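Here is the structure we will look at.
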Amino acid sequence: MANKKKIIALNKNDLLQIISTHANYISPDIVRDVYYGLVRVIGLELRDKGAIELPDLGYLVLHTHKARRALNVSNGLLEMLPEKSTIKFKPCHDLKKHFHLLGDKS
């Protein structure tokens, strides 16, 4: 049986407290303001340009799925699913390298 790690979800306050601690105990209020500012900038850039680069982290790209037909399993009929947008994260090379996600390319 594979050894699976349990994912522990952080709530927003825990995340902000951890960032505050790791940033030499900057006030959690300042960390919260920066966090919400970052979320706002990301949202505006994705809406306006469709992508944003987060230095040393990666890219967030707005991906649009075309409208398509799909089978409704409850009644067996084909239905049209509308176009929808999702956000994809593409980690940068350094982040992948830090977590050994690149594989052995010797």
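Chain labels run A, B, ... following the order of the structure tokens; each chain numbers its residues from 1, and ligands are numbered from 1 in the order shown.
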Contacts of Leu54 in chain A within 10 Å, only C-alpha atoms, excl. fewer than 3 positions in-chain, as a VMD selection string: chain A and resid 42 51 57 to 60 91 to 92
Could you take the residues named above and write them with N, CA and C atoms, as a compact mmCIF listing (two decimals), in the first residue's frame?
```txt
# COMPACT_ATOMS: atom_id res chain seq x y z
N ILE A 42 -3.51 40.09 -8.78
CA ILE A 42 -3.60 38.86 -9.59
C ILE A 42 -4.93 38.82 -10.34
N ALA A 51 -2.83 36.46 -18.02
CA ALA A 51 -1.72 35.75 -17.38
C ALA A 51 -0.97 36.71 -16.48
N LEU A 57 8.02 32.04 -8.28
CA LEU A 57 6.96 31.07 -8.02
C LEU A 57 6.50 30.40 -9.30
N GLY A 58 6.11 31.19 -10.28
CA GLY A 58 5.63 30.62 -11.53
C GLY A 58 4.66 31.56 -12.22
N TYR A 59 3.79 30.98 -13.02
CA TYR A 59 2.82 31.75 -13.79
C TYR A 59 1.40 31.30 -13.45
N LEU A 60 0.50 32.25 -13.45
CA LEU A 60 -0.93 31.95 -13.40
C LEU A 60 -1.48 32.33 -14.77
N PRO A 91 4.42 26.17 -12.27
CA PRO A 91 5.53 26.54 -11.39
C PRO A 91 6.80 26.83 -12.20
N CYS A 92 7.62 27.73 -11.68
CA CYS A 92 8.87 28.07 -12.36
C CYS A 92 9.89 26.95 -12.15
```
Range 30-39 of chain A surroundings by only C-alpha atoms, 10 Å radius, close-in-sequence under 2 positions cut, as a PDB file with C-alpha atoms, in the first residue's frame:
```pdb
ATOM      1  CA  LYS A  12      -6.501  32.120   5.997  1.00  0.00           C
ATOM      2  CA  ASN A  13      -5.654  33.297   9.518  1.00  0.00           C
ATOM      3  CA  LEU A  15      -1.503  31.210   6.710  1.00  0.00           C
ATOM      4  CA  LEU A  16      -1.202  34.901   7.531  1.00  0.00           C
ATOM      5  CA  GLN A  17       0.217  34.084  10.981  1.00  0.00           C
ATOM      6  CA  ILE A  18       2.825  31.741   9.480  1.00  0.00           C
ATOM      7  CA  ILE A  19       3.858  34.380   6.936  1.00  0.00           C
ATOM      8  CA  SER A  20       4.068  36.965   9.714  1.00  0.00           C
ATOM      9  CA  ALA A  23       8.867  37.519   7.851  1.00  0.00           C
ATOM     10  CA  TYR A  25       7.331  39.036  12.941  1.00  0.00           C
ATOM     11  CA  ILE A  26       5.858  41.712  10.734  1.00  0.00           C
ATOM     12  CA  SER A  27       2.443  42.692  12.025  1.00  0.00           C
ATOM     13  CA  PRO A  28      -0.304  40.275  10.915  1.00  0.00           C
ATOM     14  CA  VAL A  41      -3.492  42.499  -8.437  1.00  0.00           C
ATOM     15  CA  ILE A  42      -3.600  38.865  -9.589  1.00  0.00           C
ATOM     16  CA  GLY A  43      -7.333  39.115 -10.298  1.00  0.00           C
ATOM     17  CA  LEU A  44      -6.980  42.347 -12.267  1.00  0.00           C
TER      18      LEU A  44
END
```
Chain A: residues DSSP assigns to alpha helix (DSSP H), reported as a ChimeraX atom specification: /A:12-22,28-49,93-98
Store the residues picked out above, limited to C-alpha atoms, as a short mmCIF file (atom, residue, chain, number, x, y, z; two decimals), in the first residue's frame.
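Output saved as again-v7.cif:
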```
data_model
loop_
_atom_site.label_atom_id
_atom_site.label_comp_id
_atom_site.auth_asym_id
_atom_site.auth_seq_id
_atom_site.Cartn_x
_atom_site.Cartn_y
_atom_site.Cartn_z
CA LYS A 12 -6.50 32.12 6.00
CA ASN A 13 -5.65 33.30 9.52
CA ASP A 14 -3.18 30.43 10.03
CA LEU A 15 -1.50 31.21 6.71
CA LEU A 16 -1.20 34.90 7.53
CA GLN A 17 0.22 34.08 10.98
CA ILE A 18 2.83 31.74 9.48
CA ILE A 19 3.86 34.38 6.94
CA SER A 20 4.07 36.96 9.71
CA THR A 21 6.32 34.68 11.76
CA HIS A 22 8.61 33.85 8.83
CA PRO A 28 -0.30 40.27 10.91
CA ASP A 29 -2.35 43.34 9.89
CA ILE A 30 0.35 44.38 7.42
CA VAL A 31 0.64 40.81 6.12
CA ARG A 32 -3.15 40.70 5.64
CA ASP A 33 -3.11 43.98 3.69
CA VAL A 34 -0.30 42.72 1.44
CA TYR A 35 -2.08 39.39 0.94
CA TYR A 36 -5.34 41.04 -0.13
CA GLY A 37 -3.39 43.46 -2.33
CA LEU A 38 -1.70 40.53 -4.04
CA VAL A 39 -5.02 38.76 -4.60
CA ARG A 40 -6.47 41.95 -6.11
CA VAL A 41 -3.49 42.50 -8.44
CA ILE A 42 -3.60 38.86 -9.59
CA GLY A 43 -7.33 39.12 -10.30
CA LEU A 44 -6.98 42.35 -12.27
CA GLU A 45 -4.03 41.07 -14.31
CA LEU A 46 -5.79 37.80 -15.14
CA ARG A 47 -8.92 39.68 -16.18
CA ASP A 48 -7.04 42.22 -18.30
CA LYS A 49 -4.11 40.25 -19.72
CA HIS A 93 11.99 25.96 -12.91
CA ASP A 94 13.56 26.94 -9.58
CA LEU A 95 10.45 25.98 -7.61
CA LYS A 96 10.31 22.59 -9.34
CA LYS A 97 14.01 22.09 -8.70
CA HIS A 98 13.57 22.94 -5.02
#
```
Residues near Pro82 in chain A, cut-off 8 Å, only C-alpha atoms, skip fewer than 3 positions along chain, as a ChimeraX atom specification: /A:66-68
Any chance you can output those residues with C-alpha atoms as a short mmCIF file (atom, residue, chain, number, x, y, z; two decimals), in the first residue's frame?
```cif
data_model
loop_
_atom_site.label_atom_id
_atom_site.label_comp_id
_atom_site.auth_asym_id
_atom_site.auth_seq_id
_atom_site.Cartn_x
_atom_site.Cartn_y
_atom_site.Cartn_z
CA LYS A 66 -14.75 25.82 -25.21
CA ALA A 67 -18.45 25.05 -25.02
CA ARG A 68 -19.06 21.33 -25.57
#
```
Between CA of Phe89 in chain A and CA of Arg69 in chain A - distance in Å to one decimal: 26.4 Å
